[in-house]
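In what follows, a single structure is set out as structure tokens and then discussed.
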Amino acid sequence: MVLPPTTDWHAFAPADVASRVGVDIGTGLHGKEAAARLQRHGRNELEVQRTTPWWRVLGRQFVDVLILVLFAAAGISWGIGHTADAITILAIVVVNGLLGFTQEWRAERALAALQRMLAPRANVLRDGRMQIIDAATLVPGDVVAVAVGDRVPADVRLVDVLGLRADEASLTGESDSVAKAVEAVEPDALLPERRSMAWMGTTISNGRAKGVVVETGMSTEFGRIADMTQSVGRELTPLQRKLGTLGRRLGLLALGVSVLVAVVGLLAGREALDMFFTAVSLAVAFVPEGLPAVVTITLALGVRAMVKRKALLRRLPAAEALGAATVICTDKTGTLTRSEMTVQRIWTRANTFEATGVGYDPAGHLERAGARIKAVDYPDLVALLETGLRCNHAAVVQGDDGWNLVGEPTEGALVVAAYKAWLPEPEGEQELVEFSFDSTRKRMTVLMQGVAGCIAHVKGAPEVVLERASHVMEGSGSRPMTDEDRTDAEAVYEAMAAHGLRTLALARREVPGECTLDAEEVERDLTLLGIVAMIDPPRPEVRSAVALAQGAGIRTIMITGDAPATALAVGRKVGLEAERALTGHDLETMDDDALLAALSDRIVFARTTPAHKLRIVNLLQARGAIVAMTGDGVNDAPALKKADIGIAMGIRGTDVAQGASDMILMDDNYASIVNAVEEGRREFGNIRKFVRYLLSSNTGEVIAIFVNILMGGPLILLPVQILWINLVTDSITALALGAEPAGKDIMRRPPRDPAAPILSRGGVAFVLTMGAWIGGVTLLLYYVYRDAGERGAVVAQTVAFTSLIVTEKFNVLNCRSPRAPIRVIGFFSNPWLLLAVGASIGLQVCAVYVPFLQEALYTVPLAAIDWLWIVLAAAPAFLVPEVVKHMRWRNG
């Protein structure tokens with residue numbers, strides 16, 4: 001059966017829906033029909049991100065400018081018969097590409113494995129019996145059952161409902177749960193108003209229901225937003241842009257200098273073949289071949305460091321991008337807060353009580369005027385908590401990961417408050433009927449049959465309950481409510497709401513005579529028991545993390561779907577110092593210039609939609625900010641993908657949000673973002689250090705070759721020797737330089753200018769100065785040995801080759817810090833670097849003395865005195881800059 005296309009399922013009566021999808025609601029689909037529909041409609045899965053085939057991931061590792069220069073050099077070498085050189089170059093290119101492919105592909109597969117582990121199940125009616133199946137095999141027409149705690153497996157038209165409420169925050173951003181019903185609604189009703197529908201990916205927080213699946217996979221509301229997410233372009237990270245610019249400039253410079261030298265040489269009468277190899281040598285020397293591999297491996301090692309800080313990177317450059325962030329746009333619930341509603345204050349007519357403890361852990365107690373109390377000494381408090389337990393469907397259960405809620409957050413908070421008072425579970429009463437909460441009634445009533453008769457337990461919005469109350473409980477008895485009582489109660493809940501607290505009034509009524517099942521009759525002449533104030537408490541570590549981010553020059557902006565008062569209250573508690581809240585309605589009336597001006601103020605955003613979040617990110621980026629955006633719901637996915645760094649929640653995050661993100665917070669904690677910022681800054685700082693190291697080394701090679709050509713000498717370094725330097729000895733050292741620990745002041749520096757090049761003016765000066773020293777030492781020793789008789793002519797090239805490597809190893813010690821001397825950072829603080837320097841020297845010793853390497857690298861053995869002269873000539877490359885750093889450090 002081919003289903004008619006429609007998006008108005010909410011407007012059809014249940015019988016019409018069943019007819020249109022071709023199902024008997026009493027028996028469900030037959031197995032064969034379900035299998036046939038699965039073939040037609042496809043699996044009930046979201047295409048979180050269009051999968052890139054492995055061969056494309058592999059192929060894009062070989063399109064970098066630096067790599068293309070090497071391809072060209074290898075091709076020409078092969079064409080003129082220098083097969084060994086060509087094979088060496090190609091081997092390096094392949095190894096580099098495989099390293100990048102392995103890391104990128106492994107990260108994608110790891111996420112896919114995580115998603116398979118979290119594959120949801122569904123309770124479905126097929127062949128006349130209920131079955132539990134993989135939710136991915138649901139099809140339109142399936143009849144499914146959902147209950148409290150379940151995640152809705154597809155878009156479902158409800159046909160039977162009992163007290164059903166759904167948490168749709170992941171779809172709409174609305175923090176309050178939504179009451180559901182079976183009655184059809186208007187065709188043009190907005191998404192949050194379609195009460196006859198349960199949406200894929202939302203969670204049932206109360207009651208139970210049965211419904212017919214009408215949309216699956218990418219046809220669901222989640223799927224439509226997922227598809228919109230894929231239409232948002234992926235931004236390059238700052239590091240990718242800077243390395244791309246550097247690579248293009250080096251490639252063009254290498255090509256220009258190589259061609260210039262070749263032309264000059266030919267005009268001077270040099271052999272064409274000699275000039276070709278000279279040009280290739282210069283090109284190879286100019287390009288830091290090991291840079292892409294070293295950056296890739298350094299970022300890959302950073303993945304491990306991030307995991308230890310509860311951050312899982314999906315893309316290798318994400319850490320560097322986060323380290324450059326100037327703004328963090330964060331959700332409130334679960335990121336800044338614990339996502340656990342907690343009773344904070346209880347008001348009765350006679351007393352005000354405070355509750356200690358946070359979250360769903362019942363550890364804590366009740367206090368009055370700062371002193372711990374016994375609840376049994378306060379009958380009005382006991383009555384309020386008992387009503388809170390009876391007018392309730394939630395439960396808190398202890399698991400391996402602590403106390404967890406099953407049900408509505410506000411109801412869970414009431415259960416925990418009763419536990420803190422050591423109230424027993426309700427017994428001896430039978431529930432007769434429930435009048436459920438909805439957006440119109442704004443109250444919930446449970447009618448219980450007790451030994452002495454019927455008792456109605458009511459909870460709801462304070463203004464609604466007060467309107468129906470005629471009595472108030474004070475102490476151990478009830479009395480008629482006065483105007484003063486009503487005015488005081490109103491003042492109390494308004495003050496609580498102004499402080500960002502969620503308020504709930506509780507009342508009860510002993511129904512006289514025979515129990516009536518009429519809601520209007522039951523819910524009148526209520527006795528007000530009191531008002532409860534709740535809050536989703538901030539995480540204790542967030543305030544210090546916000547302060548740390550501010551000290552690092554990073555602004556935190558809260559963007560939430562919650563109420564403005566709540567957003568302001570929580571923002572101030574975590575240190576955001578917000579002065580006002582802008583709502584989604586406010587944003588609709590503001591043009592871009594007005595919103596940009598508002599973004600300069602101390603504000604938080606409340607009652608926002610996905611479009612608002614995306615607009616805020618776009619404007620911040622247009623102003624030059626590097627934006628990190630957090631989110632957990634499908635509604636956050638477009639902004640997550642548009643942001644410079646999208647951060648999804650690992651615990652509460654939807655598949656769509658995680659698929660659109662660059663990084664997943666394993667503990668959903670804002671503090672982990674700030675930790676990741678610190679790690680990202682360390683990684684970028686180290687990348688900058690080894691870029692300085694590699695380029696200064698390569699500059700030394702270029703100067704040695706170029707000056708030697710101008711002096712009319714032969715090739716001082718062969719292409720294979722340069723590749724050995726750049727890819728074997730230099731890459732090992734640069735990789736170890738990437739393990740340099742973070743400086744103590746790393747989070748006291750402002751974010752670097754996103755427009756600043758990867759090499760500052762000081763960096764360029766360092767590269768040129770050290771390059772000149774390295775090239776000068778190489779030339780000096782080469783000519784000293786070449787002019788020292790027969791043995792010198794044979795040994796000169798090997799001495800030049802070795803001295804260049806040794807000088808570079810002294811230079812790497814300079815690159816550990818551009819400002820601090822070695823005594824400040826600690827000589828042994830990075831043992832990996834010392835091991836790498838030792839390994840590099842060891843490899844060069846092998847290159848000089850091992851026969852097959854002598855043949856491959858065109859070297860001859862050196863005497864001990866040769867090594868001594870090399871060390872003496874190279875040591876000033878470290879000693880002179882170290883003296884300068886020491887003097888500057890001492891003078892402040």
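If you're wondering about the labels, chains in the structure tokens are A, B, ... by order shown, residues count from 1 in each chain, ligands from 1 in order shown.
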>> Which residues are close to Leu260 in chain A, i.e. within 12 Å by only C-alpha atoms, leaving aside same-chain residues fewer than 3 positions away? Reply as number ranges by chain.
In response: A: 253-257, 263-267, 275-276, 278-279, 282-283, 706, 709-710
Output the selection as a short mmCIF file (atom, residue, chain, number, x, y, z; two decimals), in the first residue's frame - N, CA, C and O atoms for each residue.
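This went into part-v9.cif:
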data_model
loop_
_atom_site.label_atom_id
_atom_site.label_comp_id
_atom_site.auth_asym_id
_atom_site.auth_seq_id
_atom_site.Cartn_x
_atom_site.Cartn_y
_atom_site.Cartn_z
N LEU A 253 56.31 30.14 -3.63
CA LEU A 253 57.67 30.61 -3.42
C LEU A 253 58.69 29.56 -3.87
O LEU A 253 59.71 29.89 -4.51
N ALA A 254 58.40 28.30 -3.54
CA ALA A 254 59.30 27.22 -3.95
C ALA A 254 59.40 27.15 -5.46
O ALA A 254 60.50 27.01 -6.03
N LEU A 255 58.24 27.25 -6.12
CA LEU A 255 58.24 27.18 -7.58
C LEU A 255 59.01 28.36 -8.18
O LEU A 255 59.85 28.19 -9.08
N GLY A 256 58.74 29.56 -7.66
CA GLY A 256 59.40 30.75 -8.20
C GLY A 256 60.90 30.72 -8.03
O GLY A 256 61.66 30.97 -8.98
N VAL A 257 61.37 30.41 -6.81
CA VAL A 257 62.81 30.39 -6.56
C VAL A 257 63.48 29.28 -7.35
O VAL A 257 64.58 29.47 -7.91
N VAL A 263 66.97 28.94 -14.21
CA VAL A 263 67.20 29.81 -15.36
C VAL A 263 68.55 30.50 -15.26
O VAL A 263 69.32 30.57 -16.24
N VAL A 264 68.87 31.04 -14.06
CA VAL A 264 70.16 31.69 -13.87
C VAL A 264 71.31 30.72 -14.14
O VAL A 264 72.31 31.05 -14.80
N GLY A 265 71.16 29.51 -13.64
CA GLY A 265 72.21 28.51 -13.84
C GLY A 265 72.39 28.17 -15.30
O GLY A 265 73.54 28.03 -15.79
N LEU A 266 71.30 28.00 -16.03
CA LEU A 266 71.40 27.68 -17.45
C LEU A 266 72.04 28.83 -18.24
O LEU A 266 72.85 28.60 -19.15
N LEU A 267 71.65 30.05 -17.87
CA LEU A 267 72.25 31.20 -18.55
C LEU A 267 73.74 31.31 -18.25
O LEU A 267 74.51 31.84 -19.07
N MET A 275 71.01 21.52 -13.11
CA MET A 275 70.12 22.60 -12.69
C MET A 275 68.72 22.06 -12.34
O MET A 275 68.04 22.61 -11.47
N PHE A 276 68.33 20.98 -13.04
CA PHE A 276 67.04 20.39 -12.67
C PHE A 276 67.09 19.86 -11.24
O PHE A 276 66.19 20.13 -10.43
N THR A 278 69.06 20.77 -8.93
CA THR A 278 69.16 21.91 -8.03
C THR A 278 67.78 22.50 -7.76
O THR A 278 67.43 22.82 -6.61
N ALA A 279 66.98 22.65 -8.83
CA ALA A 279 65.63 23.19 -8.67
C ALA A 279 64.77 22.27 -7.80
O ALA A 279 64.01 22.74 -6.94
N LEU A 282 65.81 22.65 -4.18
CA LEU A 282 65.28 23.87 -3.59
C LEU A 282 63.78 23.74 -3.28
O LEU A 282 63.30 24.16 -2.22
N ALA A 283 63.05 23.15 -4.22
CA ALA A 283 61.61 22.98 -4.01
C ALA A 283 61.34 22.10 -2.80
O ALA A 283 60.49 22.39 -1.95
N PHE A 706 71.03 27.74 -2.01
CA PHE A 706 70.97 28.90 -2.89
C PHE A 706 72.30 29.66 -2.91
O PHE A 706 72.82 30.01 -3.98
N ILE A 709 74.94 27.78 -4.80
CA ILE A 709 74.79 27.90 -6.26
C ILE A 709 75.36 29.24 -6.74
O ILE A 709 76.06 29.32 -7.76
N LEU A 710 75.05 30.31 -6.01
CA LEU A 710 75.56 31.62 -6.39
C LEU A 710 77.09 31.66 -6.36
O LEU A 710 77.72 32.41 -7.12
#
>> Neighbouring residues of Ala820 in chain A were defined as those with any atom within 9 Å, considering only C-alpha atoms; residues of the same chain fewer than 2 positions away were excluded. Please report them as an MDAnalysis selection string.
In response: chainID A and resid 816:818 822:825 882 885:886 888:889
Could you give me, as a JSON list (two decimals) with N, CA, C and O atoms, in the first residue's frame, the residues within 12 Å of Glu855 in chain A, counting only C-alpha atoms and dropping anything in the same chain fewer than 4 positions from it?
[["chain", "number", "residue", "atom", "x", "y", "z"],
["A", 84, "ALA", "N", 65.00, 5.88, -7.44],
["A", 84, "ALA", "CA", 65.10, 5.82, -5.97],
["A", 84, "ALA", "C", 64.56, 7.09, -5.34],
["A", 84, "ALA", "O", 63.81, 7.04, -4.35],
["A", 720, "VAL", "N", 67.37, 13.61, -1.82],
["A", 720, "VAL", "CA", 67.08, 12.52, -0.88],
["A", 720, "VAL", "C", 67.56, 12.88, 0.52],
["A", 720, "VAL", "O", 66.91, 12.56, 1.53],
["A", 721, "GLN", "N", 68.69, 13.56, 0.62],
["A", 721, "GLN", "CA", 69.19, 13.98, 1.93],
["A", 721, "GLN", "C", 68.24, 15.00, 2.56],
["A", 721, "GLN", "O", 67.98, 14.97, 3.78],
["A", 846, "CYS", "N", 73.40, 6.42, 12.17],
["A", 846, "CYS", "CA", 73.17, 5.26, 11.30],
["A", 846, "CYS", "C", 73.34, 5.64, 9.83],
["A", 846, "CYS", "O", 73.90, 4.88, 9.03],
["A", 847, "ALA", "N", 72.82, 6.84, 9.47],
["A", 847, "ALA", "CA", 72.95, 7.28, 8.08],
["A", 847, "ALA", "C", 74.40, 7.42, 7.67],
["A", 847, "ALA", "O", 74.75, 7.22, 6.50],
["A", 848, "VAL", "N", 75.27, 7.74, 8.62],
["A", 848, "VAL", "CA", 76.69, 7.94, 8.32],
["A", 848, "VAL", "C", 77.47, 6.64, 8.32],
["A", 848, "VAL", "O", 78.43, 6.48, 7.54],
["A", 849, "TYR", "N", 77.05, 5.67, 9.15],
["A", 849, "TYR", "CA", 77.89, 4.47, 9.33],
["A", 849, "TYR", "C", 77.27, 3.16, 8.84],
["A", 849, "TYR", "O", 77.99, 2.19, 8.64],
["A", 850, "VAL", "N", 75.95, 3.09, 8.66],
["A", 850, "VAL", "CA", 75.33, 1.84, 8.19],
["A", 850, "VAL", "C", 75.44, 1.78, 6.67],
["A", 850, "VAL", "O", 75.01, 2.71, 5.97],
["A", 851, "PRO", "N", 75.99, 0.68, 6.12],
["A", 851, "PRO", "CA", 76.29, 0.63, 4.68],
["A", 851, "PRO", "C", 75.10, 0.90, 3.76],
["A", 851, "PRO", "O", 75.24, 1.70, 2.81],
["A", 859, "THR", "N", 76.43, 9.04, 1.76],
["A", 859, "THR", "CA", 77.28, 9.51, 2.85],
["A", 859, "THR", "C", 78.53, 8.65, 2.95],
["A", 859, "THR", "O", 78.61, 7.55, 2.40],
["A", 860, "VAL", "N", 79.50, 9.18, 3.74],
["A", 860, "VAL", "CA", 80.73, 8.44, 4.06],
["A", 860, "VAL", "C", 80.95, 8.57, 5.56],
["A", 860, "VAL", "O", 80.44, 9.49, 6.19],
["A", 861, "PRO", "N", 81.73, 7.64, 6.18],
["A", 861, "PRO", "CA", 81.96, 7.71, 7.64],
["A", 861, "PRO", "C", 82.72, 8.98, 8.03],
["A", 861, "PRO", "O", 83.55, 9.49, 7.28]]
> Taking the backbone alone, and naming residues the way the document does, which bits of range 322-464 of chain A are strand (DSSP E or B) by DSSP, as a PyMOL selection string?
Replying inline: chain A and resi 327-330+337+342-347+352-355+366-368+371-372+395-399+402-406+430-435+443-450+453-460
>> I need the residues of range 418-478 of chain A that end up classed as alpha helix (DSSP H) by DSSP on the backbone, written out as number ranges by chain.
In response: A: 418-420, 462-467
Can you check which parts of range 501-536 of chain A lie within 9 Å of range 563-576 of chain A? Per residue, the shortest pair of atoms and distance in Å to one decimal, counting only C-alpha atoms, sorted by chain and number, as a Markdown table.
| residue | atom | partner | partner_atom | distance |
| --- | --- | --- | --- | --- |
| A:Leu501 | CA | A:Thr566 | CA | 6.5 |
| A:Arg502 | CA | A:Thr566 | CA | 8.0 |
| A:Ile535 | CA | A:Thr566 | CA | 8.6 |
| A:Asp536 | CA | A:Val570 | CA | 8.6 |
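Close contacts of range 368-373 of chain A, defined as residues with an atom at most 7 Å away when counting only C-alpha atoms, with chain neighbours fewer than 5 positions off set aside, comprise Thr352, Phe353 and Glu354 of chain A.
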What does the file look like for those residues with N, CA, C and O atoms, as a tab-separated table (two decimals), in the first residue's frame?
chain	number	residue	atom	x	y	z
A	352	THR	N	7.94	29.04	56.59
A	352	THR	CA	8.69	28.88	55.34
A	352	THR	C	9.85	27.92	55.61
A	352	THR	O	10.58	28.10	56.59
A	353	PHE	N	10.01	26.92	54.75
A	353	PHE	CA	11.03	25.89	54.94
A	353	PHE	C	12.00	25.92	53.76
A	353	PHE	O	11.63	26.26	52.64
A	354	GLU	N	13.22	25.55	54.04
A	354	GLU	CA	14.25	25.41	53.01
A	354	GLU	C	14.63	23.94	52.92
A	354	GLU	O	14.64	23.22	53.93
>> Quick one: residues within 12 Å of range 393-398 of chain A, only C-alpha atoms, excluding same-chain residues fewer than 3 positions away - as a PyMOL selection string?
In response: chain A and resi 147-149+163-165+204-208+340+359-362+388-390+401-419+425+431+434+436+444-446
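Take CA of Thr326 in chain A and CA of Pro751 in chain A: the distance between them is 6.2 Å.
Note that the spacing between CA of Gly26 in chain A and CA of Ser219 in chain A amounts to 25.5 Å.
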With range 457-475 of chain A as the partner and 8 Å as the cut-off, tabulate the residues of range 334-360 of chain A that qualify, each row holding the nearest pair of atoms and their distance in Å to one decimal, using only C-alpha atoms, sorted by chain and rising number, as JSON lines.
{"residue": "A:Thr348", "atom": "CA", "partner": "A:Glu474", "partner_atom": "CA", "distance": 7.3}
{"residue": "A:Arg349", "atom": "CA", "partner": "A:Glu474", "partner_atom": "CA", "distance": 5.4}
{"residue": "A:Ala350", "atom": "CA", "partner": "A:Glu474", "partner_atom": "CA", "distance": 5.5}
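Using only C-alpha atoms, the protein and nucleic acid residues lying no more than 10 Å from Leu336 in chain A, apart from those fewer than 6 places from it along its own chain, are A:Thr330, A:Asp536, A:Pro537, A:Pro538, A:Arg539, A:Pro540, A:Glu541, A:Val542, A:Arg543, A:Val546, A:Met558, A:Val570, A:Gly571, A:Lys573, A:Val574, A:Asp668, A:Asn669, A:Tyr670, A:Ala671.
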> Quick one, how far is CA of Ala321 in chain A from CA of Phe222 in chain A?
Replying inline: 28.1 Å
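Comparing A:Ile559, A:Ala637, A:Gly771, A:Cys815 by their smallest distance to Arg224 in chain A, the closest is A:Ala637 (using only C-alpha atoms).
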